[in-house]
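Note: the block below is work-v6.pdb and it holds PDB, C-alpha atoms, pLDDT in the B column.
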ATOM      1  CA  LEU B   1      93.732 123.345 127.037  1.00 49.00           C
ATOM      2  CA  GLY B   2      91.354 125.425 129.102  1.00 47.00           C
ATOM      3  CA  GLY B   3      89.481 128.711 128.815  1.00 44.00           C
ATOM      4  CA  GLU B   4      90.053 132.109 130.302  1.00 44.00           C
ATOM      5  CA  GLY B   5      90.633 132.298 134.048  1.00 43.00           C
ATOM      6  CA  THR B   6      87.645 132.048 136.360  1.00 45.00           C
ATOM      7  CA  GLY B   7      89.313 133.195 139.558  1.00 45.00           C
ATOM      8  CA  GLU B   8      89.510 129.636 140.805  1.00 53.00           C
ATOM      9  CA  ARG B   9      92.819 127.923 140.134  1.00 52.00           C
ATOM     10  CA  PRO B  10      92.272 124.344 138.888  1.00 57.00           C
ATOM     11  CA  LYS B  11      94.077 121.576 140.713  1.00 73.00           C
ATOM     12  CA  GLN B  12      96.500 119.159 139.083  1.00 82.00           C
ATOM     13  CA  THR B  13      93.776 116.508 139.117  1.00 82.00           C
ATOM     14  CA  ASP B  14      91.508 118.894 137.205  1.00 82.00           C
ATOM     15  CA  TYR B  15      94.200 119.364 134.540  1.00 80.00           C
ATOM     16  CA  LEU B  16      94.752 115.595 134.416  1.00 86.00           C
ATOM     17  CA  PHE B  17      91.022 115.034 133.911  1.00 85.00           C
ATOM     18  CA  GLN B  18      90.864 117.558 131.073  1.00 84.00           C
ATOM     19  CA  MET B  19      93.997 116.162 129.399  1.00 84.00           C
ATOM     20  CA  THR B  20      92.561 112.654 129.605  1.00 87.00           C
ATOM     21  CA  ILE B  21      89.340 113.787 127.923  1.00 86.00           C
ATOM     22  CA  PHE B  22      91.337 115.697 125.313  1.00 86.00           C
ATOM     23  CA  TRP B  23      93.414 112.666 124.275  1.00 87.00           C
ATOM     24  CA  LEU B  24      90.523 110.212 124.464  1.00 88.00           C
ATOM     25  CA  VAL B  25      88.551 112.372 122.067  1.00 88.00           C
ATOM     26  CA  TRP B  26      91.581 112.610 119.791  1.00 88.00           C
ATOM     27  CA  ALA B  27      92.008 108.826 119.931  1.00 87.00           C
ATOM     28  CA  THR B  28      88.484 108.535 118.559  1.00 88.00           C
ATOM     29  CA  PHE B  29      89.018 111.172 115.882  1.00 86.00           C
ATOM     30  CA  SER B  30      92.360 109.662 114.839  1.00 86.00           C
ATOM     31  CA  ILE B  31      90.544 106.637 113.364  1.00 85.00           C
ATOM     32  CA  PRO B  32      89.005 108.545 110.431  1.00 85.00           C
ATOM     33  CA  VAL B  33      92.229 110.552 110.083  1.00 85.00           C
ATOM     34  CA  LEU B  34      94.255 107.341 109.698  1.00 83.00           C
ATOM     35  CA  ARG B  35      91.797 105.934 107.166  1.00 82.00           C
ATOM     36  CA  PHE B  36      91.942 109.212 105.266  1.00 82.00           C
ATOM     37  CA  ALA B  37      95.756 109.107 105.327  1.00 81.00           C
ATOM     38  CA  ARG B  38      95.694 105.676 103.646  1.00 79.00           C
ATOM     39  CA  HIS B  39      94.143 107.222 100.538  1.00 75.00           C
ATOM     40  CA  PHE B  40      95.959 110.547 100.626  1.00 75.00           C
ATOM     41  CA  HIS B  41      99.566 109.704 101.425  1.00 71.00           C
ATOM     42  CA  PHE B  42     102.468 111.929 100.479  1.00 72.00           C
ATOM     43  CA  ASP B  43     103.965 110.067  97.526  1.00 69.00           C
ATOM     44  CA  ARG B  44     105.666 111.752  94.623  1.00 68.00           C
ATOM     45  CA  GLY B  45     103.169 113.111  92.168  1.00 68.00           C
ATOM     46  CA  GLN B  46     100.361 113.659  94.662  1.00 74.00           C
ATOM     47  CA  ILE B  47     101.958 115.714  97.450  1.00 76.00           C
ATOM     48  CA  TRP B  48      99.934 118.851  96.739  1.00 78.00           C
ATOM     49  CA  ARG B  49      96.746 116.860  96.213  1.00 77.00           C
ATOM     50  CA  SER B  50      97.198 115.116  99.558  1.00 80.00           C
ATOM     51  CA  LEU B  51      98.116 118.375 101.290  1.00 80.00           C
ATOM     52  CA  VAL B  52      94.943 120.099 100.088  1.00 82.00           C
ATOM     53  CA  ALA B  53      92.868 117.068 101.082  1.00 82.00           C
ATOM     54  CA  HIS B  54      94.334 116.993 104.599  1.00 81.00           C
ATOM     55  CA  ILE B  55      93.802 120.722 105.059  1.00 84.00           C
ATOM     56  CA  GLY B  56      90.177 120.191 104.107  1.00 83.00           C
ATOM     57  CA  LEU B  57      89.758 117.313 106.565  1.00 82.00           C
ATOM     58  CA  PHE B  58      91.486 119.239 109.346  1.00 83.00           C
ATOM     59  CA  SER B  59      89.124 122.169 108.850  1.00 83.00           C
ATOM     60  CA  VAL B  60      86.315 119.735 109.674  1.00 82.00           C
ATOM     61  CA  ILE B  61      88.057 117.630 112.349  1.00 84.00           C
ATOM     62  CA  ALA B  62      89.423 120.571 114.383  1.00 82.00           C
ATOM     63  CA  PRO B  63      86.119 122.305 115.244  1.00 83.00           C
ATOM     64  CA  LEU B  64      84.435 118.934 115.795  1.00 84.00           C
ATOM     65  CA  HIS B  65      87.176 117.925 118.200  1.00 84.00           C
ATOM     66  CA  LEU B  66      86.994 121.207 120.120  1.00 83.00           C
ATOM     67  CA  ALA B  67      83.218 120.972 120.358  1.00 84.00           C
ATOM     68  CA  THR B  68      83.276 117.320 121.428  1.00 87.00           C
ATOM     69  CA  TYR B  69      86.139 117.782 123.907  1.00 84.00           C
ATOM     70  CA  ASN B  70      84.593 120.816 125.617  1.00 83.00           C
ATOM     71  CA  SER B  71      81.125 119.258 125.656  1.00 85.00           C
ATOM     72  CA  VAL B  72      82.374 116.031 127.237  1.00 86.00           C
ATOM     73  CA  LYS B  73      84.539 117.728 129.861  1.00 82.00           C
ATOM     74  CA  HIS B  74      81.716 120.130 130.850  1.00 84.00           C
ATOM     75  CA  ALA B  75      79.254 117.247 131.026  1.00 86.00           C
ATOM     76  CA  LEU B  76      81.445 114.867 133.043  1.00 85.00           C
ATOM     77  CA  GLY B  77      83.442 117.389 135.091  1.00 82.00           C
ATOM     78  CA  PRO B  78      80.713 118.430 137.541  1.00 82.00           C
ATOM     79  CA  ILE B  79      79.458 114.851 137.823  1.00 82.00           C
ATOM     80  CA  LEU B  80      82.923 113.534 138.710  1.00 78.00           C
ATOM     81  CA  GLY B  81      83.755 116.488 140.959  1.00 76.00           C
ATOM     82  CA  PHE B  82      86.337 118.237 138.785  1.00 78.00           C
ATOM     83  CA  THR B  83      86.740 121.962 138.241  1.00 74.00           C
ATOM     84  CA  VAL B  84      86.411 122.584 134.508  1.00 73.00           C
ATOM     85  CA  MET B  85      87.644 125.576 132.566  1.00 71.00           C
ATOM     86  CA  PRO B  86      84.909 127.509 130.698  1.00 71.00           C
ATOM     87  CA  TRP B  87      84.431 127.213 126.965  1.00 67.00           C
ATOM     88  CA  PRO B  88      87.560 128.524 125.200  1.00 65.00           C
ATOM     89  CA  GLU B  89      87.600 132.076 123.950  1.00 62.00           C
ATOM     90  CA  GLY B  90      90.272 134.361 122.591  1.00 64.00           C
ATOM     91  CA  ARG B  91      93.791 133.148 123.349  1.00 70.00           C
ATOM     92  CA  ALA B  92      92.522 129.860 124.806  1.00 69.00           C
ATOM     93  CA  PHE B  93      90.676 129.058 121.563  1.00 70.00           C
ATOM     94  CA  VAL B  94      93.785 129.868 119.512  1.00 72.00           C
ATOM     95  CA  ALA B  95      95.943 127.733 121.831  1.00 77.00           C
ATOM     96  CA  GLU B  96      93.646 124.695 121.544  1.00 77.00           C
ATOM     97  CA  SER B  97      93.487 125.129 117.755  1.00 75.00           C
ATOM     98  CA  ILE B  98      97.305 125.219 117.515  1.00 81.00           C
ATOM     99  CA  VAL B  99      97.542 122.080 119.639  1.00 83.00           C
ATOM    100  CA  ASN B 100      95.047 120.379 117.310  1.00 82.00           C
ATOM    101  CA  VAL B 101      97.232 121.274 114.321  1.00 84.00           C
ATOM    102  CA  PHE B 102     100.256 119.599 115.915  1.00 85.00           C
ATOM    103  CA  VAL B 103      98.261 116.528 116.927  1.00 86.00           C
ATOM    104  CA  TYR B 104      96.766 116.132 113.445  1.00 86.00           C
ATOM    105  CA  VAL B 105     100.178 116.459 111.816  1.00 86.00           C
ATOM    106  CA  LEU B 106     101.610 113.974 114.337  1.00 87.00           C
ATOM    107  CA  VAL B 107      98.922 111.372 113.578  1.00 86.00           C
ATOM    108  CA  VAL B 108      99.445 111.697 109.812  1.00 86.00           C
ATOM    109  CA  ALA B 109     103.253 111.650 110.198  1.00 85.00           C
ATOM    110  CA  ILE B 110     103.163 108.486 112.333  1.00 85.00           C
ATOM    111  CA  TYR B 111     100.952 106.741 109.774  1.00 84.00           C
ATOM    112  CA  ASN B 112     103.231 107.706 106.874  1.00 81.00           C
ATOM    113  CA  ALA B 113     106.317 106.633 108.834  1.00 85.00           C
ATOM    114  CA  PHE B 114     104.854 103.178 109.418  1.00 85.00           C
ATOM    115  CA  ALA B 115     103.592 102.978 105.824  1.00 81.00           C
ATOM    116  CA  TYR B 116     107.014 103.813 104.383  1.00 83.00           C
ATOM    117  CA  TYR B 117     108.673 101.423 106.854  1.00 83.00           C
ATOM    118  CA  HIS B 118     106.493  98.525 105.704  1.00 84.00           C
ATOM    119  CA  MET B 119     106.899  99.520 102.053  1.00 83.00           C
ATOM    120  CA  TYR B 120     110.687  99.581 102.476  1.00 83.00           C
ATOM    121  CA  HIS B 121     110.699  96.079 103.977  1.00 84.00           C
ATOM    122  CA  ARG B 122     108.355  94.776 101.265  1.00 86.00           C
ATOM    123  CA  GLU B 123     110.653  96.145  98.560  1.00 86.00           C
ATOM    124  CA  LYS B 124     113.700  94.775 100.358  1.00 85.00           C
ATOM    125  CA  SER B 125     112.039  91.358 100.584  1.00 86.00           C
ATOM    126  CA  ALA B 126     111.083  91.523  96.894  1.00 86.00           C
ATOM    127  CA  ILE B 127     114.678  92.400  95.941  1.00 87.00           C
ATOM    128  CA  SER B 128     116.022  89.510  98.039  1.00 86.00           C
ATOM    129  CA  ASP B 129     113.537  87.157  96.389  1.00 86.00           C
ATOM    130  CA  LEU B 130     114.548  88.437  92.952  1.00 87.00           C
ATOM    131  CA  GLU B 131     118.243  87.955  93.746  1.00 84.00           C
ATOM    132  CA  ALA B 132     117.556  84.402  94.926  1.00 83.00           C
ATOM    133  CA  ARG B 133     115.655  83.624  91.726  1.00 85.00           C
ATOM    134  CA  LEU B 134     118.454  85.128  89.652  1.00 82.00           C
ATOM    135  CA  ALA B 135     120.997  82.941  91.462  1.00 78.00           C
ATOM    136  CA  GLU B 136     118.825  79.888  90.787  1.00 78.00           C
ATOM    137  CA  ALA B 137     118.560  80.869  87.123  1.00 76.00           C
ATOM    138  CA  GLU B 138     122.334  81.276  86.860  1.00 73.00           C
ATOM    139  CA  LEU B 139     122.850  77.900  88.504  1.00 71.00           C
ATOM    140  CA  SER B 140     120.333  76.346  86.125  1.00 73.00           C
ATOM    141  CA  ALA B 141     122.141  77.909  83.150  1.00 68.00           C
ATOM    142  CA  LEU B 142     125.441  76.589  84.485  1.00 66.00           C
ATOM    143  CA  LYS B 143     123.979  73.098  84.745  1.00 65.00           C
ATOM    144  CA  MET B 144     122.679  73.367  81.182  1.00 66.00           C
ATOM    145  CA  GLN B 145     126.134  74.332  79.939  1.00 62.00           C
ATOM    146  CA  LEU B 146     127.878  71.563  81.839  1.00 61.00           C
ATOM    147  CA  GLN B 147     125.578  68.557  81.712  1.00 66.00           C
ATOM    148  CA  PRO B 148     126.583  65.947  84.332  1.00 69.00           C
ATOM    149  CA  HIS B 149     126.961  63.154  81.786  1.00 75.00           C
ATOM    150  CA  PHE B 150     129.435  65.246  79.756  1.00 77.00           C
ATOM    151  CA  LEU B 151     131.511  66.053  82.841  1.00 79.00           C
ATOM    152  CA  PHE B 152     131.470  62.463  84.094  1.00 81.00           C
ATOM    153  CA  ASN B 153     132.386  61.109  80.654  1.00 81.00           C
ATOM    154  CA  THR B 154     135.262  63.574  80.425  1.00 84.00           C
ATOM    155  CA  LEU B 155     136.603  62.655  83.860  1.00 86.00           C
ATOM    156  CA  ASN B 156     136.246  58.949  83.029  1.00 86.00           C
ATOM    157  CA  THR B 157     138.166  59.453  79.770  1.00 87.00           C
ATOM    158  CA  ILE B 158     140.917  61.319  81.628  1.00 88.00           C
ATOM    159  CA  SER B 159     141.138  58.457  84.128  1.00 89.00           C
ATOM    160  CA  VAL B 160     141.575  55.933  81.303  1.00 87.00           C
ATOM    161  CA  LEU B 161     144.104  58.085  79.419  1.00 86.00           C
ATOM    162  CA  MET B 162     146.241  58.451  82.554  1.00 87.00           C
ATOM    163  CA  THR B 163     147.295  54.817  82.042  1.00 87.00           C
ATOM    164  CA  GLU B 164     147.440  54.941  78.240  1.00 86.00           C
ATOM    165  CA  ASP B 165     148.476  58.392  77.094  1.00 86.00           C
ATOM    166  CA  VAL B 166     149.470  60.877  79.816  1.00 88.00           C
ATOM    167  CA  GLU B 167     149.978  63.705  77.333  1.00 88.00           C
ATOM    168  CA  LYS B 168     146.409  63.429  76.012  1.00 86.00           C
ATOM    169  CA  ALA B 169     145.092  63.160  79.554  1.00 88.00           C
ATOM    170  CA  ASN B 170     146.930  66.384  80.401  1.00 89.00           C
ATOM    171  CA  GLN B 171     145.537  68.121  77.271  1.00 88.00           C
ATOM    172  CA  MET B 172     142.007  67.110  78.229  1.00 87.00           C
ATOM    173  CA  LEU B 173     142.511  68.420  81.783  1.00 90.00           C
ATOM    174  CA  VAL B 174     143.687  71.752  80.380  1.00 89.00           C
ATOM    175  CA  ARG B 175     140.665  71.960  78.031  1.00 87.00           C
ATOM    176  CA  LEU B 176     138.305  71.075  80.876  1.00 87.00           C
ATOM    177  CA  SER B 177     139.789  73.704  83.210  1.00 88.00           C
ATOM    178  CA  GLU B 178     139.510  76.353  80.461  1.00 86.00           C
ATOM    179  CA  LEU B 179     135.924  75.311  79.778  1.00 82.00           C
ATOM    180  CA  LEU B 180     135.015  75.591  83.466  1.00 82.00           C
ATOM    181  CA  ARG B 181     136.702  78.994  83.722  1.00 83.00           C
ATOM    182  CA  LEU B 182     134.816  80.376  80.705  1.00 80.00           C
ATOM    183  CA  THR B 183     131.560  78.963  82.065  1.00 76.00           C
ATOM    184  CA  LEU B 184     132.001  80.629  85.446  1.00 75.00           C
ATOM    185  CA  GLU B 185     133.092  83.950  83.892  1.00 76.00           C
ATOM    186  CA  SER B 186     129.980  84.153  81.717  1.00 71.00           C
ATOM    187  CA  SER B 187     127.486  82.770  84.259  1.00 65.00           C
ATOM    188  CA  GLY B 188     126.364  86.246  85.396  1.00 64.00           C
ATOM    189  CA  HIS B 189     126.002  87.725  81.879  1.00 69.00           C
ATOM    190  CA  GLN B 190     122.671  88.010  80.093  1.00 72.00           C
ATOM    191  CA  GLN B 191     124.358  88.318  76.695  1.00 81.00           C
ATOM    192  CA  VAL B 192     127.667  87.163  75.218  1.00 82.00           C
ATOM    193  CA  SER B 193     129.285  87.873  71.881  1.00 88.00           C
ATOM    194  CA  LEU B 194     129.561  85.228  69.177  1.00 91.00           C
ATOM    195  CA  LYS B 195     133.343  85.231  69.663  1.00 90.00           C
ATOM    196  CA  GLN B 196     132.906  84.321  73.350  1.00 87.00           C
ATOM    197  CA  GLU B 197     130.437  81.591  72.420  1.00 87.00           C
ATOM    198  CA  LEU B 198     132.863  80.175  69.843  1.00 90.00           C
ATOM    199  CA  ASP B 199     135.712  80.234  72.387  1.00 87.00           C
ATOM    200  CA  PHE B 200     133.526  78.192  74.706  1.00 84.00           C
ATOM    201  CA  LEU B 201     132.603  75.838  71.873  1.00 87.00           C
ATOM    202  CA  GLU B 202     136.248  75.421  70.888  1.00 87.00           C
ATOM    203  CA  ARG B 203     137.160  74.177  74.402  1.00 85.00           C
ATOM    204  CA  TYR B 204     134.248  71.785  74.327  1.00 86.00           C
ATOM    205  CA  LEU B 205     135.210  70.473  70.895  1.00 88.00           C
ATOM    206  CA  GLY B 206     138.839  70.188  72.008  1.00 86.00           C
ATOM    207  CA  ILE B 207     137.753  67.699  74.655  1.00 86.00           C
ATOM    208  CA  GLU B 208     135.511  65.805  72.226  1.00 87.00           C
ATOM    209  CA  ARG B 209     138.291  65.598  69.616  1.00 86.00           C
ATOM    210  CA  ILE B 210     140.549  63.899  72.145  1.00 85.00           C
ATOM    211  CA  ARG B 211     137.756  61.505  73.108  1.00 83.00           C
ATOM    212  CA  PHE B 212     136.644  60.555  69.582  1.00 84.00           C
ATOM    213  CA  SER B 213     139.879  61.184  67.667  1.00 82.00           C
ATOM    214  CA  ASP B 214     139.376  60.735  63.897  1.00 82.00           C
ATOM    215  CA  ARG B 215     135.686  59.953  64.308  1.00 89.00           C
ATOM    216  CA  LEU B 216     134.888  63.634  64.927  1.00 87.00           C
ATOM    217  CA  ALA B 217     135.495  66.334  62.321  1.00 88.00           C
ATOM    218  CA  VAL B 218     134.233  69.898  62.749  1.00 88.00           C
ATOM    219  CA  HIS B 219     134.466  72.814  60.326  1.00 89.00           C
ATOM    220  CA  LEU B 220     133.539  76.361  61.370  1.00 88.00           C
ATOM    221  CA  ASP B 221     132.695  78.992  58.768  1.00 92.00           C
ATOM    222  CA  VAL B 222     132.104  82.317  60.520  1.00 90.00           C
ATOM    223  CA  GLU B 223     132.197  85.801  59.073  1.00 92.00           C
ATOM    224  CA  PRO B 224     134.745  87.933  61.015  1.00 90.00           C
ATOM    225  CA  ASP B 225     132.313  90.869  61.127  1.00 91.00           C
ATOM    226  CA  ALA B 226     129.837  88.715  63.056  1.00 91.00           C
ATOM    227  CA  LEU B 227     132.195  87.892  65.918  1.00 90.00           C
ATOM    228  CA  ASP B 228     131.342  91.003  67.932  1.00 89.00           C
TER     229      ASP B 228
END

Output the file's structure in the form of structure tokens.
Amino acid sequence: LGGEGTGERPKQTDYLFQMTIFWLVWATFSIPVLRFARHFHFDRGQIWRSLVAHIGLFSVIAPLHLATYNSVKHALGPILGFTVMPWPEGRAFVAESIVNVFVYVLVVAIYNAFAYYHMYHREKSAISDLEARLAEAELSALKMQLQPHFLFNTLNTISVLMTEDVEKANQMLVRLSELLRLTLESSGHQQVSLKQELDFLERYLGIERIRFSDRLAVHLDVEPDALD
């Protein structure tokens, strides 16, 4: 990060001073680079556009940084008692330019890494929220299919039949278990066939027939081609 040799070997403190100025200047220049990176990030569909834009910004930032860095170190060095390398020429200029390329790329890469990290966590949070809402919707659908009053009435009827007609009580328990099984099996499905819906309805009606006996009569007229 210095110029050509001057015959006087700089001390470690002189190198430390120059490195400090170098990174302080870059810290200042990294602010517009980070703001620029927010608008020209490397997403699919705009990689080449962002690349061209960053090359254009670097072509402005790099000479400005070199000019600012060398001006500041030459202005402060003699005042603070440090030996300062002369203005870069030849290989020294190329070396400082190459370092600036790596620093610029590092700043942009760090920004994109953090941006993608936050985007990943936002998407993960959104997916978790969506899964929670889906679970709530499935639970709500389950409650709609098995209204509490129907379940309580069925259990109450079974309790009464256990002392009057054990066979009917057993039939109702079987129908109820089949109804619950079909409900749980279809709880995660967005669509069901008419045949599945009729199977569910048949279990429900089987329970109601036992409850109401001759007072309930149901006739189904369904075209076979419509079942699927």

### Matched chain/residue IDs from the PyMOL selection byres ((chain B and resi 195-203) around 8), as JSON, numbers by chain
{"B": [175, 176, 178, 179, 182, 183, 192, 193, 194, 204, 205, 206, 207, 227, 228]}

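Interatomic distance, CA of Phe36 (chain B) against CA of Met119 (chain B): 18.1 Å.
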
### Query
Just how far from CA of Ile158 (chain B) is CA of Ser186 (chain B), in Å to one decimal?
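It comes out at 25.3 Å.
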
### Query
With only C-alpha atoms as the atoms that count, which of B:Phe17, B:Val222, B:Ser140, B:Arg181 lies nearest to Pro78 (chain B)?
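Residue with the minimum atom-to-atom distance to Pro78 (chain B): B:Phe17.
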
#### Entry: Residues within 12 Å of Arg211 (chain B), all atoms listed in the file, excluding chain neighbours under 2 positions, as a list in words
Phe150, Asn153, Thr154, Leu155, Asn156, Thr157, Ile158, Ser159, Val160, Leu161, Asp165, Lys168, Ala169, Gln171, Met172, Arg175, Tyr204, Leu205, Gly206, Ile207, Glu208, Arg209, Ser213, Asp214, Arg215 and Leu216 of chain B

### Query
Given the file above and the PyMOL selection byres ((chain B and resi 69) around 12), which residues are selected, and can you give them as a ChimeraX atom specification?
/B:1-2,17-29,61-68,70-77,84-88,96,100

### Task
Name the residues that the PyMOL selection byres ((chain B and resi 42) around 12) pulls out of this structure, and write them as a list in words.
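The output of the PyMOL selection byres ((chain B and resi 42) around 12) on this file is Phe36, Ala37, Arg38, His39, Phe40, His41, Asp43, Arg44, Gly45, Gln46, Ile47, Trp48, Arg49, Ser50, Leu51, Val52, Ala53, His54, Val108, Ala109, Tyr111, Asn112, Ala113, Ala115 and Tyr116 of chain B.
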